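These notes concern the structure reproduced below.
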There are 2 protein chains.
Amino acid sequence: MKKPKLITRSHGAGGLLSQQLIAQQFAPLLKRAGQALNDAAVITIGDTKVAFSTDSFTVSPLFFPGGDIGSLAIHGTVNDVAMMGGLPEFISLAFVIEEGFSAQALHRITQSVAEAADRCSVAVVTGDTKVVERGAADGLFINTSGLGVVPAQINIDPRQVAVGDVLLINGTIADHGVAVMCAREELDVSGEILSDSAPVADITGQLINKLGEKVHALRDPTRGGLASTLNEITTQAGVILEIDQTTLPILPQVAGVCEILGLDPLQVACEGKVLAFVDGSVADEALTIMKSCGGGKQAAIIGQVIGADWPQVRLRTPLGTTRIVEMPPGEILPRIC
Amino acid sequence: MKKPKLITRSHGAGGLLSQQLIAQQFAPLLKRAGQALNDAAVITIGDTKVAFSTDSFTVSPLFFPGGDIGSLAIHGTVNDVAMMGGLPEFISLAFVIEEGFSAQALHRITQSVAEAADRCSVAVVTGDTKVVERGAADGLFINTSGLGVVPAQINIDPRQVAVGDVLLINGTIADHGVAVMCAREELDVSGEILSDSAPVADITGQLINKLGEKVHALRDPTRGGLASTLNEITTQAGVILEIDQTTLPILPQVAGVCEILGLDPLQVACEGKVLAFVDGSVADEALTIMKSCGGGKQAAIIGQVIGADWPQVRLRTPLGTTRIVEMPPGEILPRIC
């Protein structure tokens, strides 16, 4: 693995270069602590299993159709806690503000934080504020860290994904990335595209409650989209996953923007979606559970694990051919979360 | 309280404007969650009391005599957890990196994080990395959040501070702020001044273990220095505190730089100090405990609570006169943590 001399934007885009940077700089730290590279750590406090996650948000613009940095910062961390089976409960909130930032915009954002926290039934219990001089930050960055209790018997781990597992998603892909990009570039698209930014902890909670150990892995496909997330999971599990393009939920206007701009929607971030790998025996039940939850109406079974020879993600196209879905190499859409 | 239209650097400096910003924007969020404005929240997970804290670090320069942003980010959060009686155990680590940042500098900083985590016996268990384009951040910002179990019977709360309490500090004041400012302004000072950045969790742990409920309040005087911290505590407790200038530990070279630059050392940040309010009956014992700990050789009793008529901090000068120590209004030293 070649060591870079300078950090590029591709190192933060959720693709191959991000993976390399994390492998070189951060994985050794986490490994010492007995943690894998998941959405959240699972630690033990007293005799309680707790999911603990952190995320910094640098989205640009700060306000976009369907959300803003405040609600995104709550939903994003709530979802990361949920992906390890945690029931999100406590959140920390840290702001880095550029001097000259509008106090009114700050107020709108803290309001949005409060509303999102209510929606997710989490309490913002501790915070921090730093202000840096003009030009030393771009408006506002937010960090949230989150905590949630993981039921004692639950062990979400991508390494449990095995042949026969099916893959579900709770709705349409690529909405968030396309919405933020259209807002930033001021693209005038026909049919407004909204970010899907939303909590999915209710969905994961229901899946875990009702299916228990039959839920093998959960992950939210944010930076790098399904392409990154599914490659990460198949690599951790050492399995071949085939997804079926005809079953992938996508809005026509989102597909249209991706086509015009040459983006692969599989590489574009979602912010209110969960990818669930469950035992094949409970596939239909998992689908019913997802559809019964808020944000799950368009849930679908989109793939299955077909082999354990090596890690690979394949896409079956409507023509019946298959192509390999690669880990995105680097920069796709900067600063979408 | 007048609402500002634009956020200024003074809103981030730890003084009066910081307090107002926090009161307007963030305190309502924390209040809903039943939390006061302390260094860390105290929450209950399972049946265990846990201190939970977050801090973003924007120090400039990133490397300074006596430390760097990596070790500072660990020590700072470890200390905040310790101030509520927590035994720091788990840390999250989130980087916002400016495109073009040196990979070598990043490596030095992650090494420093690892070494500091070892020194503090905490595990870095989860992380996040974002990269923003050139000019959208200043090199590197770090956020750490921390968790530590609080012994069941311990209840650190500034509102417990009462007449007869004595105030101790574990060593010299103003070292960190002066060291960072000299590094940033490239001031050539006679006698190198080192940041005091260090964990104080051993000191707080020993105090709590040995003195239990006689320890009333603990706080680390970071941004805004002793002036901010002591005004916060006396306001929360509604008491008059008198500190004795002749007993305040300060290095001559630090006092010299402050004098030349017109800085009040009481307003300059420490990063390896704890202010402890303990019951007067255990003053000597507390001093002995502090002196026996690493980073406590120069510990001193520096003040006492002399009245409960209204909140006030007074400084008795070597001439025998007293002056009121005000909450600093705003900007003193920007980006020192």
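So you can find residues: chains in the structure tokens are A, B, ... in the order shown, residues in each start at 1, and ligands are numbered from 1 in order.
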
Identify, on the basis of only C-alpha atoms, every residue whose closest approach to region 34-40 of chain B does not exceed 8 Å; exclude the query and any residue fewer than 3 positions from it along the same chain; express the result as a ChimeraX atom specification.
/A:125-126 /B:27,30-31,51-54,80-81,83-84,219

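Residues with any atom within 6 Å of Ala94 (chain A), counting only C-alpha atoms and excluding same-chain neighbours fewer than 3 positions away, are Gly127, Asp128, Thr129, Ile142 and Asn143 of chain A.
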
Mind writing the picked residues with C-alpha atoms as a tab-separated table (two decimals), in the first residue's frame?
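Final file, selection.tsv:
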```tsv
chain	number	residue	atom	x	y	z
A	127	GLY	CA	-21.59	20.07	24.07
A	128	ASP	CA	-18.72	22.28	23.01
A	129	THR	CA	-18.31	25.42	20.91
A	142	ILE	CA	-20.59	19.79	13.69
A	143	ASN	CA	-19.43	16.71	15.51
```

I need the strand (DSSP E or B) residues of region 91-314 of chain A per DSSP on the backbone, written as a ChimeraX atom specification.
/A:91-98,102,123-132,137,140-149,166-169,215-219,240-244,275-278,300-307,312-314

Residue with smallest distance to Lys130 (chain B) - pool B:Asp157, B:Gln253, B:Ile109, B:Leu93, counting only C-alpha atoms
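Closest candidate: B:Leu93.
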
Got a sec: who's within 12 Å of Pro249 (chain B), counting only C-alpha atoms, leaving out chain neighbours fewer than 3 positions off, as a PDB file with N, CA, C and O atoms, in the first residue's frame?
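Once written, result.pdb looks like this:
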```pdb
ATOM      1  N   LEU B 168      -7.840  24.360  45.891  1.00  0.00           N
ATOM      2  CA  LEU B 168      -6.472  23.930  45.595  1.00  0.00           C
ATOM      3  C   LEU B 168      -6.264  23.883  44.087  1.00  0.00           C
ATOM      4  O   LEU B 168      -7.211  23.682  43.319  1.00  0.00           O
ATOM      5  N   ILE B 169      -5.006  24.034  43.690  1.00  0.00           N
ATOM      6  CA  ILE B 169      -4.617  23.796  42.298  1.00  0.00           C
ATOM      7  C   ILE B 169      -3.342  22.957  42.335  1.00  0.00           C
ATOM      8  O   ILE B 169      -2.566  23.028  43.289  1.00  0.00           O
ATOM      9  N   ASN B 170      -3.143  22.135  41.301  1.00  0.00           N
ATOM     10  CA  ASN B 170      -2.024  21.188  41.341  1.00  0.00           C
ATOM     11  C   ASN B 170      -0.722  21.732  40.767  1.00  0.00           C
ATOM     12  O   ASN B 170       0.251  20.977  40.656  1.00  0.00           O
ATOM     13  N   GLY B 171      -0.676  23.013  40.386  1.00  0.00           N
ATOM     14  CA  GLY B 171       0.590  23.546  39.889  1.00  0.00           C
ATOM     15  C   GLY B 171       0.419  24.899  39.231  1.00  0.00           C
ATOM     16  O   GLY B 171      -0.585  25.585  39.453  1.00  0.00           O
ATOM     17  N   THR B 172       1.390  25.238  38.400  1.00  0.00           N
ATOM     18  CA  THR B 172       1.489  26.602  37.858  1.00  0.00           C
ATOM     19  C   THR B 172       0.391  26.923  36.852  1.00  0.00           C
ATOM     20  O   THR B 172      -0.065  26.053  36.116  1.00  0.00           O
ATOM     21  N   ILE B 173       0.017  28.193  36.817  1.00  0.00           N
ATOM     22  CA  ILE B 173      -1.067  28.633  35.940  1.00  0.00           C
ATOM     23  C   ILE B 173      -0.525  29.281  34.657  1.00  0.00           C
ATOM     24  O   ILE B 173       0.631  29.705  34.603  1.00  0.00           O
ATOM     25  N   ALA B 174      -1.360  29.270  33.630  1.00  0.00           N
ATOM     26  CA  ALA B 174      -1.167  30.054  32.393  1.00  0.00           C
ATOM     27  C   ALA B 174      -0.101  29.498  31.444  1.00  0.00           C
ATOM     28  O   ALA B 174       0.150  30.092  30.389  1.00  0.00           O
ATOM     29  N   ASP B 175       0.498  28.360  31.773  1.00  0.00           N
ATOM     30  CA  ASP B 175       1.576  27.826  30.935  1.00  0.00           C
ATOM     31  C   ASP B 175       1.103  27.526  29.511  1.00  0.00           C
ATOM     32  O   ASP B 175       1.783  27.870  28.543  1.00  0.00           O
ATOM     33  N   ILE B 243      -9.104  34.423  46.558  1.00  0.00           N
ATOM     34  CA  ILE B 243      -7.847  33.743  46.264  1.00  0.00           C
ATOM     35  C   ILE B 243      -6.695  34.672  46.631  1.00  0.00           C
ATOM     36  O   ILE B 243      -6.830  35.892  46.611  1.00  0.00           O
ATOM     37  N   ASP B 244      -5.587  34.042  47.005  1.00  0.00           N
ATOM     38  CA  ASP B 244      -4.441  34.781  47.538  1.00  0.00           C
ATOM     39  C   ASP B 244      -3.331  34.758  46.490  1.00  0.00           C
ATOM     40  O   ASP B 244      -2.763  33.712  46.189  1.00  0.00           O
ATOM     41  N   GLN B 245      -3.041  35.934  45.945  1.00  0.00           N
ATOM     42  CA  GLN B 245      -2.081  36.012  44.840  1.00  0.00           C
ATOM     43  C   GLN B 245      -0.715  35.462  45.227  1.00  0.00           C
ATOM     44  O   GLN B 245      -0.010  34.885  44.401  1.00  0.00           O
ATOM     45  N   THR B 246      -0.331  35.632  46.499  1.00  0.00           N
ATOM     46  CA  THR B 246       1.009  35.195  46.913  1.00  0.00           C
ATOM     47  C   THR B 246       1.152  33.669  46.869  1.00  0.00           C
ATOM     48  O   THR B 246       2.263  33.159  46.812  1.00  0.00           O
ATOM     49  N   PRO B 252       8.190  32.255  36.577  1.00  0.00           N
ATOM     50  CA  PRO B 252       8.601  33.648  36.341  1.00  0.00           C
ATOM     51  C   PRO B 252       8.563  34.025  34.854  1.00  0.00           C
ATOM     52  O   PRO B 252       8.134  35.125  34.512  1.00  0.00           O
ATOM     53  N   VAL B 254       6.607  32.860  32.577  1.00  0.00           N
ATOM     54  CA  VAL B 254       5.206  33.001  32.165  1.00  0.00           C
ATOM     55  C   VAL B 254       4.657  34.344  32.661  1.00  0.00           C
ATOM     56  O   VAL B 254       4.013  35.091  31.907  1.00  0.00           O
ATOM     57  N   ALA B 255       4.958  34.651  33.929  1.00  0.00           N
ATOM     58  CA  ALA B 255       4.536  35.949  34.481  1.00  0.00           C
ATOM     59  C   ALA B 255       5.145  37.085  33.670  1.00  0.00           C
ATOM     60  O   ALA B 255       4.478  38.088  33.378  1.00  0.00           O
ATOM     61  N   PRO B 265      -2.607  36.759  33.833  1.00  0.00           N
ATOM     62  CA  PRO B 265      -2.410  35.298  33.845  1.00  0.00           C
ATOM     63  C   PRO B 265      -3.620  34.527  34.374  1.00  0.00           C
ATOM     64  O   PRO B 265      -3.780  33.350  34.067  1.00  0.00           O
ATOM     65  N   LEU B 266      -4.466  35.195  35.135  1.00  0.00           N
ATOM     66  CA  LEU B 266      -5.690  34.542  35.616  1.00  0.00           C
ATOM     67  C   LEU B 266      -6.661  34.253  34.470  1.00  0.00           C
ATOM     68  O   LEU B 266      -7.581  33.462  34.622  1.00  0.00           O
ATOM     69  N   LYS B 273      -4.218  21.259  34.589  1.00  0.00           N
ATOM     70  CA  LYS B 273      -4.473  21.699  35.954  1.00  0.00           C
ATOM     71  C   LYS B 273      -5.910  21.390  36.352  1.00  0.00           C
ATOM     72  O   LYS B 273      -6.805  21.356  35.511  1.00  0.00           O
ATOM     73  N   GLY B 296       1.679  17.047  40.301  1.00  0.00           N
ATOM     74  CA  GLY B 296       1.129  17.735  41.459  1.00  0.00           C
ATOM     75  C   GLY B 296       2.168  18.269  42.423  1.00  0.00           C
ATOM     76  O   GLY B 296       1.825  18.770  43.499  1.00  0.00           O
ATOM     77  N   LYS B 297       3.439  18.212  42.027  1.00  0.00           N
ATOM     78  CA  LYS B 297       4.524  18.622  42.950  1.00  0.00           C
ATOM     79  C   LYS B 297       4.347  20.039  43.451  1.00  0.00           C
ATOM     80  O   LYS B 297       4.680  20.345  44.596  1.00  0.00           O
ATOM     81  N   GLN B 298       3.833  20.917  42.570  1.00  0.00           N
ATOM     82  CA  GLN B 298       3.728  22.324  42.954  1.00  0.00           C
ATOM     83  C   GLN B 298       2.317  22.699  43.406  1.00  0.00           C
ATOM     84  O   GLN B 298       1.920  23.855  43.323  1.00  0.00           O
ATOM     85  N   ALA B 299       1.590  21.702  43.855  1.00  0.00           N
ATOM     86  CA  ALA B 299       0.216  21.955  44.299  1.00  0.00           C
ATOM     87  C   ALA B 299       0.197  22.972  45.435  1.00  0.00           C
ATOM     88  O   ALA B 299       1.160  23.071  46.202  1.00  0.00           O
ATOM     89  N   ALA B 300      -0.885  23.711  45.514  1.00  0.00           N
ATOM     90  CA  ALA B 300      -0.997  24.732  46.556  1.00  0.00           C
ATOM     91  C   ALA B 300      -2.463  24.977  46.900  1.00  0.00           C
ATOM     92  O   ALA B 300      -3.343  24.782  46.073  1.00  0.00           O
ATOM     93  N   ILE B 301      -2.657  25.390  48.154  1.00  0.00           N
ATOM     94  CA  ILE B 301      -3.971  25.910  48.552  1.00  0.00           C
ATOM     95  C   ILE B 301      -3.962  27.381  48.162  1.00  0.00           C
ATOM     96  O   ILE B 301      -3.090  28.135  48.589  1.00  0.00           O
ATOM     97  N   ILE B 302      -4.891  27.782  47.325  1.00  0.00           N
ATOM     98  CA  ILE B 302      -4.820  29.149  46.783  1.00  0.00           C
ATOM     99  C   ILE B 302      -6.009  30.027  47.182  1.00  0.00           C
ATOM    100  O   ILE B 302      -6.023  31.205  46.832  1.00  0.00           O
TER     101      ILE B 302
END
```
